[in-house]
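Novice: Take a look at this one; I'll ask things after.
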Amino acid sequence: MTDSTPTVVVVDDDPSIRKSLARLVRSAGLDVQTFASADDFLNSHRRTHPSCLVLDIRMPGMSGLDLQERLASDPTLPIVFITGHGDVPMSVRAMKGGAVDFLQKPFDERELLAAVRQACERAKRAHRKLVETSAVRRRMDSLTPREREVFALVVTGMLNKQIAGRLAVTERTVKAHRARVMEKMKADSLADLVRMAEKAELSKGTT
């Protein structure tokens, strides 16, 4: 996956809406894919770079709101809802589920493009965070069990002497492990290690 311009994915059962939306999105210089249903999207869409969804609410089979719930664990696919049959409960459910916007058909093209650009920016940020977290976890996988222990204690702010006491080793041994941790994690400072630990959620559960 690359941190490139996101693809806008249109999911709507109305072919005329799909065609007009695709034309509008391309006119803004963005890539676009279209699908006639939520199932088609789930079965066919292969994300190789950041994406955002322009999603109809009411469609045959799985609804837009159901698809939103299905994708709830994926922050890298922000959603702009469009609907000709929306109501307040629907919009509340959509926005509580993290939607970028909820627009009624017929929508203002400028308003839709503004929402799409906002969703694209959110997709890029989420994708970048995912890539960074994956890189940190790969580096962590290269650490030995003892180095991981030292890493986890270092990022809590403990001094080498305190870590040595906790692990029942010499301070010299801790210094050696700490140096290898810094090298393997490609960290230039303690602050770098702390940021990496936060990305990997290493600090949670460390006492």
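Letters A, B, ... mark the chains of the structure tokens in the order given; residue numbers begin at 1 per chain; ligand numbers begin at 1, in order shown.
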So that I can check the surroundings of Gln33 of chain A, please list as number ranges by chain every protein, DNA and RNA residue that reaches within 9 Å of it, counting only C-alpha atoms and ignoring chain neighbours fewer than 6 positions away.
Specialist: A: 7-11, 22, 45
Novice: Find the residues near segment 117-133 of chain A: any atom within 9 Å, counting only C-alpha atoms, skip ones fewer than 5 places away on the same chain, and give them as a list of chain:residue names.
Specialist: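 In the requested format, the answer is A:Met1, A:Thr2, A:Asp3, A:Ser4, A:Thr5, A:Pro6, A:Thr7, A:Val8, A:His49, A:Pro50, A:Ser51, A:Cys52, A:Leu53, A:Pro75, A:Thr76, A:Leu77, A:Pro78, A:Ile79, A:Val80, A:Ala99, A:Val100, A:Asp101, A:Leu112, A:Arg138, A:Met196, A:Lys199, A:Ala200.
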Novice: List every residue of segment 84-135 of chain A that has an atom at most 12 Å from any atom of segment 61-73 of chain A, and for each one report the closest atom pair and its distance in Å to one decimal, counting only C-alpha atoms, with rows sorted by chain and then by increasing residue number, as CSV.
Specialist:
residue,atom,partner,partner_atom,distance
A:Gly86,CA,A:Leu65,CA,11.3
A:Pro89,CA,A:Leu65,CA,11.4
A:Met90,CA,A:Leu65,CA,8.1
A:Ser91,CA,A:Leu65,CA,9.7
A:Val92,CA,A:Leu65,CA,11.0
A:Arg93,CA,A:Leu65,CA,7.9
A:Ala94,CA,A:Leu65,CA,6.6
A:Met95,CA,A:Leu65,CA,10.3
A:Lys96,CA,A:Gln68,CA,10.7
A:Gly97,CA,A:Gln68,CA,7.2
A:Gly98,CA,A:Ala72,CA,8.3
A:Ala99,CA,A:Gln68,CA,8.4
A:Val100,CA,A:Gln68,CA,11.7
A:Phe102,CA,A:Leu65,CA,11.3
Novice: May I have the selected residues written with C-alpha atoms, as an mmCIF file, in the first residue's frame?
Specialist:
data_model
loop_
_atom_site.group_PDB
_atom_site.id
_atom_site.type_symbol
_atom_site.label_atom_id
_atom_site.label_comp_id
_atom_site.auth_asym_id
_atom_site.auth_seq_id
_atom_site.Cartn_x
_atom_site.Cartn_y
_atom_site.Cartn_z
ATOM 1 C CA GLY A 86 -32.992 9.704 4.826
ATOM 2 C CA PRO A 89 -32.504 8.442 13.109
ATOM 3 C CA MET A 90 -30.581 7.296 10.020
ATOM 4 C CA SER A 91 -28.354 10.355 10.013
ATOM 5 C CA VAL A 92 -27.712 10.064 13.748
ATOM 6 C CA ARG A 93 -26.782 6.386 13.386
ATOM 7 C CA ALA A 94 -24.494 7.167 10.446
ATOM 8 C CA MET A 95 -22.691 10.016 12.183
ATOM 9 C CA LYS A 96 -22.339 8.093 15.451
ATOM 10 C CA GLY A 97 -20.773 5.334 13.379
ATOM 11 C CA GLY A 98 -18.089 7.773 12.264
ATOM 12 C CA ALA A 99 -19.400 8.958 8.888
ATOM 13 C CA VAL A 100 -17.759 12.070 7.463
ATOM 14 C CA PHE A 102 -24.704 12.534 5.476
#
Novice: Here is a test: counting only C-alpha atoms, which residue of A:Ala135, A:Leu24, A:Leu153, A:Leu190 is nearest to Val174 of chain A?
Specialist: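 Under the stated criterion, the closest residue is A:Leu153.
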Novice: Can you tell me, as a list in words, what residues are no more than 12 Å from Gln162 of chain A when counting only C-alpha atoms, ignoring any on the same chain fewer than 5 positions away?
Specialist: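 The residues that qualify are Val150, Leu153, Val154, Thr156, Gly157, Leu167, Ala168, Val169, Thr170, Glu171, Val174 and Lys175 of chain A.
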Novice: Just to be explicit: take each residue in the selection above, keep all heavy atoms, and write the result as a PDB file, in the first residue's frame.
Specialist:
ATOM      1  N   VAL A 150      13.248  -4.891  28.264  1.00  0.00           N
ATOM      2  CA  VAL A 150      13.963  -3.638  28.509  1.00  0.00           C
ATOM      3  C   VAL A 150      13.244  -2.481  27.820  1.00  0.00           C
ATOM      4  O   VAL A 150      13.059  -1.409  28.420  1.00  0.00           O
ATOM      5  CB  VAL A 150      15.423  -3.755  28.018  1.00  0.00           C
ATOM      6  CG1 VAL A 150      16.112  -2.385  28.044  1.00  0.00           C
ATOM      7  CG2 VAL A 150      16.199  -4.757  28.876  1.00  0.00           C
ATOM      8  N   LEU A 153      10.204  -1.343  29.762  1.00  0.00           N
ATOM      9  CA  LEU A 153      10.526  -0.631  31.004  1.00  0.00           C
ATOM     10  C   LEU A 153      11.144   0.736  30.724  1.00  0.00           C
ATOM     11  O   LEU A 153      10.866   1.703  31.438  1.00  0.00           O
ATOM     12  CB  LEU A 153      11.464  -1.485  31.864  1.00  0.00           C
ATOM     13  CG  LEU A 153      10.837  -2.789  32.384  1.00  0.00           C
ATOM     14  CD1 LEU A 153      11.894  -3.637  33.085  1.00  0.00           C
ATOM     15  CD2 LEU A 153       9.682  -2.501  33.328  1.00  0.00           C
ATOM     16  N   VAL A 154      11.971   0.813  29.687  1.00  0.00           N
ATOM     17  CA  VAL A 154      12.600   2.089  29.331  1.00  0.00           C
ATOM     18  C   VAL A 154      11.550   3.151  29.029  1.00  0.00           C
ATOM     19  O   VAL A 154      11.654   4.294  29.483  1.00  0.00           O
ATOM     20  CB  VAL A 154      13.539   1.908  28.116  1.00  0.00           C
ATOM     21  CG1 VAL A 154      13.900   3.260  27.492  1.00  0.00           C
ATOM     22  CG2 VAL A 154      14.816   1.190  28.540  1.00  0.00           C
ATOM     23  N   THR A 156       8.687   3.558  30.159  1.00  0.00           N
ATOM     24  CA  THR A 156       7.943   4.041  31.328  1.00  0.00           C
ATOM     25  C   THR A 156       8.718   5.118  32.071  1.00  0.00           C
ATOM     26  O   THR A 156       8.199   5.720  33.018  1.00  0.00           O
ATOM     27  CB  THR A 156       7.639   2.895  32.306  1.00  0.00           C
ATOM     28  OG1 THR A 156       8.865   2.407  32.867  1.00  0.00           O
ATOM     29  CG2 THR A 156       6.895   1.757  31.619  1.00  0.00           C
ATOM     30  N   GLY A 157       9.983   5.337  31.658  1.00  0.00           N
ATOM     31  CA  GLY A 157      10.799   6.353  32.310  1.00  0.00           C
ATOM     32  C   GLY A 157      11.761   5.806  33.348  1.00  0.00           C
ATOM     33  O   GLY A 157      12.453   6.578  34.022  1.00  0.00           O
ATOM     34  N   LEU A 167      14.888  -6.537  36.716  1.00  0.00           N
ATOM     35  CA  LEU A 167      15.167  -7.751  35.946  1.00  0.00           C
ATOM     36  C   LEU A 167      16.236  -8.634  36.579  1.00  0.00           C
ATOM     37  O   LEU A 167      16.547  -9.700  36.042  1.00  0.00           O
ATOM     38  CB  LEU A 167      15.601  -7.372  34.522  1.00  0.00           C
ATOM     39  CG  LEU A 167      14.569  -6.579  33.692  1.00  0.00           C
ATOM     40  CD1 LEU A 167      15.144  -6.269  32.317  1.00  0.00           C
ATOM     41  CD2 LEU A 167      13.259  -7.346  33.572  1.00  0.00           C
ATOM     42  N   ALA A 168      16.794  -8.181  37.695  1.00  0.00           N
ATOM     43  CA  ALA A 168      17.834  -8.947  38.395  1.00  0.00           C
ATOM     44  C   ALA A 168      19.046  -9.189  37.494  1.00  0.00           C
ATOM     45  O   ALA A 168      19.562 -10.311  37.384  1.00  0.00           O
ATOM     46  CB  ALA A 168      17.282 -10.268  38.919  1.00  0.00           C
ATOM     47  N   VAL A 169      19.497  -8.123  36.812  1.00  0.00           N
ATOM     48  CA  VAL A 169      20.691  -8.190  35.976  1.00  0.00           C
ATOM     49  C   VAL A 169      21.559  -6.987  36.326  1.00  0.00           C
ATOM     50  O   VAL A 169      21.145  -6.110  37.089  1.00  0.00           O
ATOM     51  CB  VAL A 169      20.349  -8.179  34.470  1.00  0.00           C
ATOM     52  CG1 VAL A 169      19.529  -9.403  34.093  1.00  0.00           C
ATOM     53  CG2 VAL A 169      19.598  -6.893  34.090  1.00  0.00           C
ATOM     54  N   THR A 170      22.752  -6.929  35.756  1.00  0.00           N
ATOM     55  CA  THR A 170      23.624  -5.794  36.034  1.00  0.00           C
ATOM     56  C   THR A 170      23.211  -4.583  35.201  1.00  0.00           C
ATOM     57  O   THR A 170      22.570  -4.709  34.152  1.00  0.00           O
ATOM     58  CB  THR A 170      25.090  -6.140  35.716  1.00  0.00           C
ATOM     59  OG1 THR A 170      25.229  -6.324  34.300  1.00  0.00           O
ATOM     60  CG2 THR A 170      25.526  -7.407  36.443  1.00  0.00           C
ATOM     61  N   GLU A 171      23.602  -3.408  35.684  1.00  0.00           N
ATOM     62  CA  GLU A 171      23.302  -2.193  34.951  1.00  0.00           C
ATOM     63  C   GLU A 171      24.015  -2.201  33.597  1.00  0.00           C
ATOM     64  O   GLU A 171      23.479  -1.697  32.597  1.00  0.00           O
ATOM     65  CB  GLU A 171      23.723  -0.973  35.772  1.00  0.00           C
ATOM     66  CG  GLU A 171      23.251   0.344  35.194  1.00  0.00           C
ATOM     67  CD  GLU A 171      23.521   1.505  36.139  1.00  0.00           C
ATOM     68  OE1 GLU A 171      23.865   1.271  37.321  1.00  0.00           O
ATOM     69  OE2 GLU A 171      23.397   2.665  35.673  1.00  0.00           O
ATOM     70  N   VAL A 174      21.901  -4.035  31.175  1.00  0.00           N
ATOM     71  CA  VAL A 174      20.767  -3.216  30.743  1.00  0.00           C
ATOM     72  C   VAL A 174      21.212  -2.223  29.675  1.00  0.00           C
ATOM     73  O   VAL A 174      20.525  -2.025  28.666  1.00  0.00           O
ATOM     74  CB  VAL A 174      20.135  -2.473  31.937  1.00  0.00           C
ATOM     75  CG1 VAL A 174      19.099  -1.467  31.443  1.00  0.00           C
ATOM     76  CG2 VAL A 174      19.506  -3.456  32.910  1.00  0.00           C
ATOM     77  N   LYS A 175      22.374  -1.591  29.889  1.00  0.00           N
ATOM     78  CA  LYS A 175      22.878  -0.629  28.912  1.00  0.00           C
ATOM     79  C   LYS A 175      23.091  -1.291  27.553  1.00  0.00           C
ATOM     80  O   LYS A 175      22.793  -0.698  26.495  1.00  0.00           O
ATOM     81  CB  LYS A 175      24.181  -0.011  29.409  1.00  0.00           C
ATOM     82  CG  LYS A 175      24.017   0.958  30.570  1.00  0.00           C
ATOM     83  CD  LYS A 175      25.369   1.520  30.996  1.00  0.00           C
ATOM     84  CE  LYS A 175      25.206   2.503  32.159  1.00  0.00           C
ATOM     85  NZ  LYS A 175      26.521   3.035  32.608  1.00  0.00           N
TER      86      LYS A 175
END
Novice: Using DSSP on the backbone coordinates, identify all residues within chain A classified as strand (DSSP E or B); present the result as a list in words.
Specialist: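 These are the residues in question: Thr7, Val8, Val9, Val10, Val11, Asp31, Val32, Gln33, Thr34, Phe35, Ser51, Cys52, Leu53, Val54, Leu55, Asp56, Ile79, Val80, Phe81, Ile82, Thr83, Asp101, Phe102, Leu103 and Gln104 of chain A.
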Novice: Deliver the residues from the most recent selection as a file, using C-alpha atoms, as a CSV table (one decimal), in the first residue's frame.
Specialist:
chain,number,residue,atom,x,y,z
A,7,THR,CA,-9.5,6.3,-4.6
A,8,VAL,CA,-13.2,7.3,-4.2
A,9,VAL,CA,-15.4,4.2,-4.1
A,10,VAL,CA,-19.1,4.8,-5.1
A,11,VAL,CA,-21.6,2.2,-3.9
A,31,ASP,CA,-9.7,8.2,-9.1
A,32,VAL,CA,-13.0,6.5,-8.8
A,33,GLN,CA,-14.5,3.0,-8.7
A,34,THR,CA,-18.2,2.1,-8.7
A,35,PHE,CA,-20.2,-0.8,-7.4
A,51,SER,CA,-9.8,4.7,-0.2
A,52,CYS,CA,-13.0,6.5,0.9
A,53,LEU,CA,-16.6,5.5,0.3
A,54,VAL,CA,-19.5,7.4,-1.1
A,55,LEU,CA,-22.3,5.2,0.0
A,56,ASP,CA,-26.0,5.0,-0.6
A,79,ILE,CA,-17.7,7.1,4.5
A,80,VAL,CA,-19.8,9.9,3.0
A,81,PHE,CA,-23.4,8.8,3.0
A,82,ILE,CA,-25.9,9.9,0.3
A,83,THR,CA,-29.6,9.1,0.3
A,101,ASP,CA,-21.1,13.5,6.2
A,102,PHE,CA,-24.7,12.5,5.5
A,103,LEU,CA,-26.1,14.2,2.4
A,104,GLN,CA,-29.6,14.1,1.0
Novice: For a test of reading the model, state the distance in Å between atom CA of Val194 of chain A and atom CA of Arg146 of chain A, rounded to one decimal.
Specialist: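 So the answer is 17.7 Å.
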Novice: Would you pick out the contacts of Lys184 of chain A at 9 Å or less, using only C-alpha atoms, so that residues sharing its chain but fewer than 2 positions from it are not included, and give the list as a PDB file with N, CA and C atoms, in the first residue's frame?
Specialist:
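around_30.pdb, written as the output of this step:
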ATOM      1  N   ARG A 139       9.731  -3.989  13.502  1.00  0.00           N
ATOM      2  CA  ARG A 139      10.989  -3.789  14.230  1.00  0.00           C
ATOM      3  C   ARG A 139      10.929  -4.471  15.591  1.00  0.00           C
ATOM      4  N   MET A 140       9.779  -4.378  16.235  1.00  0.00           N
ATOM      5  CA  MET A 140       9.635  -5.017  17.547  1.00  0.00           C
ATOM      6  C   MET A 140       9.780  -6.534  17.446  1.00  0.00           C
ATOM      7  N   SER A 142      11.801  -8.044  15.748  1.00  0.00           N
ATOM      8  CA  SER A 142      13.216  -8.389  15.664  1.00  0.00           C
ATOM      9  C   SER A 142      13.896  -8.394  17.036  1.00  0.00           C
ATOM     10  N   LEU A 143      13.208  -7.895  18.058  1.00  0.00           N
ATOM     11  CA  LEU A 143      13.786  -7.857  19.404  1.00  0.00           C
ATOM     12  C   LEU A 143      13.721  -9.221  20.065  1.00  0.00           C
ATOM     13  N   ALA A 179      21.038  -0.347  24.157  1.00  0.00           N
ATOM     14  CA  ALA A 179      21.710   0.074  22.926  1.00  0.00           C
ATOM     15  C   ALA A 179      21.213  -0.739  21.739  1.00  0.00           C
ATOM     16  N   ARG A 180      21.027  -2.042  21.941  1.00  0.00           N
ATOM     17  CA  ARG A 180      20.529  -2.878  20.839  1.00  0.00           C
ATOM     18  C   ARG A 180      19.082  -2.537  20.493  1.00  0.00           C
ATOM     19  N   VAL A 181      18.302  -2.217  21.516  1.00  0.00           N
ATOM     20  CA  VAL A 181      16.912  -1.805  21.275  1.00  0.00           C
ATOM     21  C   VAL A 181      16.880  -0.531  20.430  1.00  0.00           C
ATOM     22  N   MET A 182      17.707   0.441  20.794  1.00  0.00           N
ATOM     23  CA  MET A 182      17.747   1.698  20.045  1.00  0.00           C
ATOM     24  C   MET A 182      18.143   1.442  18.586  1.00  0.00           C
ATOM     25  N   LYS A 186      15.598   1.663  15.357  1.00  0.00           N
ATOM     26  CA  LYS A 186      15.978   2.849  14.576  1.00  0.00           C
ATOM     27  C   LYS A 186      15.531   4.121  15.290  1.00  0.00           C
ATOM     28  N   ALA A 187      15.799   4.148  16.590  1.00  0.00           N
ATOM     29  CA  ALA A 187      15.414   5.297  17.426  1.00  0.00           C
ATOM     30  C   ALA A 187      16.637   6.142  17.740  1.00  0.00           C
TER      31      ALA A 187
END
Novice: Assign secondary structure with DSSP using the backbone only, and return the residues of segment 106-163 of chain A in helix (DSSP H, G or I) as number ranges by chain.
Specialist: A: 109-141, 145-154, 160-163
Novice: Next, the residues of the selection above should be written as a tab-separated table (two decimals), in the first residue's frame with N, CA and C atoms.
Specialist:
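Written file, part_35.tsv:
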chain	number	residue	atom	x	y	z
A	109	GLU	N	-23.29	19.61	-5.62
A	109	GLU	CA	-22.04	18.99	-6.04
A	109	GLU	C	-20.85	19.52	-5.27
A	110	ARG	N	-20.84	20.83	-5.00
A	110	ARG	CA	-19.73	21.40	-4.25
A	110	ARG	C	-19.69	20.86	-2.83
A	111	GLU	N	-20.87	20.66	-2.23
A	111	GLU	CA	-20.94	20.12	-0.88
A	111	GLU	C	-20.44	18.68	-0.85
A	112	LEU	N	-20.84	17.91	-1.87
A	112	LEU	CA	-20.39	16.53	-1.93
A	112	LEU	C	-18.88	16.46	-2.11
A	113	LEU	N	-18.33	17.25	-3.03
A	113	LEU	CA	-16.88	17.22	-3.25
A	113	LEU	C	-16.11	17.65	-2.01
A	114	ALA	N	-16.65	18.61	-1.28
A	114	ALA	CA	-16.00	19.04	-0.03
A	114	ALA	C	-15.96	17.88	0.96
A	115	ALA	N	-17.07	17.14	1.06
A	115	ALA	CA	-17.12	15.99	1.97
A	115	ALA	C	-16.17	14.89	1.51
A	116	VAL	N	-16.11	14.67	0.20
A	116	VAL	CA	-15.21	13.65	-0.35
A	116	VAL	C	-13.76	14.01	-0.08
A	117	ARG	N	-13.41	15.28	-0.27
A	117	ARG	CA	-12.01	15.69	0.01
A	117	ARG	C	-11.67	15.51	1.49
A	118	GLN	N	-12.63	15.81	2.36
A	118	GLN	CA	-12.41	15.61	3.79
A	118	GLN	C	-12.21	14.12	4.09
A	119	ALA	N	-13.03	13.28	3.45
A	119	ALA	CA	-12.89	11.83	3.65
A	119	ALA	C	-11.55	11.33	3.12
A	120	CYS	N	-11.11	11.88	1.98
A	120	CYS	CA	-9.81	11.49	1.42
A	120	CYS	C	-8.67	11.84	2.37
A	121	GLU	N	-8.73	13.01	2.98
A	121	GLU	CA	-7.69	13.40	3.93
A	121	GLU	C	-7.69	12.48	5.14
A	122	ARG	N	-8.88	12.14	5.60
A	122	ARG	CA	-8.98	11.22	6.74
A	122	ARG	C	-8.41	9.86	6.36
A	123	ALA	N	-8.69	9.40	5.14
A	123	ALA	CA	-8.18	8.11	4.68
A	123	ALA	C	-6.65	8.12	4.63
A	124	LYS	N	-6.08	9.22	4.13
A	124	LYS	CA	-4.62	9.30	4.05
A	124	LYS	C	-3.98	9.29	5.43
A	125	ARG	N	-4.58	10.03	6.37
A	125	ARG	CA	-4.02	10.05	7.74
A	125	ARG	C	-4.09	8.67	8.38
A	126	ALA	N	-5.24	8.01	8.23
A	126	ALA	CA	-5.41	6.68	8.83
A	126	ALA	C	-4.47	5.67	8.19
A	127	HIS	N	-4.30	5.77	6.88
A	127	HIS	CA	-3.40	4.86	6.18
A	127	HIS	C	-1.96	5.08	6.61
A	128	ARG	N	-1.57	6.35	6.71
A	128	ARG	CA	-0.20	6.66	7.13
A	128	ARG	C	0.08	6.11	8.54
A	129	LYS	N	-0.90	6.27	9.43
A	129	LYS	CA	-0.75	5.75	10.79
A	129	LYS	C	-0.62	4.24	10.77
A	130	LEU	N	-1.41	3.57	9.93
A	130	LEU	CA	-1.36	2.12	9.82
A	130	LEU	C	0.01	1.65	9.33
A	131	VAL	N	0.54	2.34	8.31
A	131	VAL	CA	1.85	1.99	7.77
A	131	VAL	C	2.94	2.17	8.83
A	132	GLU	N	2.87	3.29	9.56
A	132	GLU	CA	3.87	3.55	10.60
A	132	GLU	C	3.80	2.50	11.71
A	133	THR	N	2.58	2.16	12.11
A	133	THR	CA	2.40	1.16	13.17
A	133	THR	C	2.92	-0.19	12.72
A	134	SER	N	2.65	-0.56	11.47
A	134	SER	CA	3.13	-1.85	10.96
A	134	SER	C	4.66	-1.89	10.95
A	135	ALA	N	5.28	-0.77	10.58
A	135	ALA	CA	6.75	-0.72	10.56
A	135	ALA	C	7.32	-0.88	11.95
A	136	VAL	N	6.70	-0.23	12.94
A	136	VAL	CA	7.15	-0.34	14.33
A	136	VAL	C	7.02	-1.78	14.82
A	137	ARG	N	5.91	-2.41	14.50
A	137	ARG	CA	5.70	-3.78	14.97
A	137	ARG	C	6.67	-4.76	14.32
A	138	ARG	N	7.03	-4.50	13.05
A	138	ARG	CA	8.04	-5.35	12.42
A	138	ARG	C	9.38	-5.21	13.12
A	139	ARG	N	9.73	-3.99	13.50
A	139	ARG	CA	10.99	-3.79	14.23
A	139	ARG	C	10.93	-4.47	15.59
A	140	MET	N	9.78	-4.38	16.24
A	140	MET	CA	9.64	-5.02	17.55
A	140	MET	C	9.78	-6.53	17.45
A	141	ASP	N	9.33	-7.08	16.34
A	141	ASP	CA	9.44	-8.52	16.14
A	141	ASP	C	10.89	-8.98	16.07
A	145	PRO	N	13.27	-11.59	23.49
A	145	PRO	CA	12.38	-11.43	24.64
A	145	PRO	C	12.94	-10.48	25.71
A	146	ARG	N	14.24	-10.57	26.00
A	146	ARG	CA	14.83	-9.70	27.01
A	146	ARG	C	14.85	-8.25	26.52
A	147	GLU	N	15.16	-8.05	25.24
A	147	GLU	CA	15.16	-6.69	24.69
A	147	GLU	C	13.76	-6.08	24.75
A	148	ARG	N	12.75	-6.89	24.52
A	148	ARG	CA	11.38	-6.39	24.62
A	148	ARG	C	11.06	-5.98	26.06
A	149	GLU	N	11.55	-6.75	27.02
A	149	GLU	CA	11.34	-6.38	28.42
A	149	GLU	C	12.00	-5.04	28.73
A	150	VAL	N	13.25	-4.89	28.26
A	150	VAL	CA	13.96	-3.64	28.51
A	150	VAL	C	13.24	-2.48	27.82
A	151	PHE	N	12.82	-2.68	26.59
A	151	PHE	CA	12.07	-1.66	25.85
A	151	PHE	C	10.84	-1.22	26.64
A	152	ALA	N	10.07	-2.18	27.11
A	152	ALA	CA	8.83	-1.88	27.82
A	152	ALA	C	9.10	-1.08	29.10
A	153	LEU	N	10.20	-1.34	29.76
A	153	LEU	CA	10.53	-0.63	31.00
A	153	LEU	C	11.14	0.74	30.72
A	154	VAL	N	11.97	0.81	29.69
A	154	VAL	CA	12.60	2.09	29.33
A	154	VAL	C	11.55	3.15	29.03
A	160	ASN	N	18.30	3.04	34.07
A	160	ASN	CA	18.98	1.76	33.87
A	160	ASN	C	19.15	1.00	35.18
A	161	LYS	N	19.47	1.74	36.24
A	161	LYS	CA	19.67	1.09	37.55
A	161	LYS	C	18.37	0.45	38.04
A	162	GLN	N	17.26	1.14	37.84
A	162	GLN	CA	15.97	0.60	38.26
A	162	GLN	C	15.59	-0.62	37.44
A	163	ILE	N	15.86	-0.56	36.14
A	163	ILE	CA	15.55	-1.71	35.27
A	163	ILE	C	16.41	-2.90	35.66
Novice: Leaving out Asp13 of chain A and any residue of its chain fewer than 2 positions from it, which residues lie within 7 Å of it when counting only C-alpha atoms, given as a PyMOL selection string?
Specialist: chain A and resi 11+15+36-37+59
Novice: Save out the residues we just selected, C-alpha atoms, as a PDB file, in the first residue's frame.
Specialist:
ATOM      1  CA  VAL A  11     -21.584   2.229  -3.942  1.00  0.00           C
ATOM      2  CA  PRO A  15     -26.698   3.261 -12.417  1.00  0.00           C
ATOM      3  CA  ALA A  36     -23.919  -1.559  -7.598  1.00  0.00           C
ATOM      4  CA  SER A  37     -24.249  -3.065  -4.120  1.00  0.00           C
ATOM      5  CA  MET A  59     -29.903  -0.680  -1.510  1.00  0.00           C
TER       6      MET A  59
END
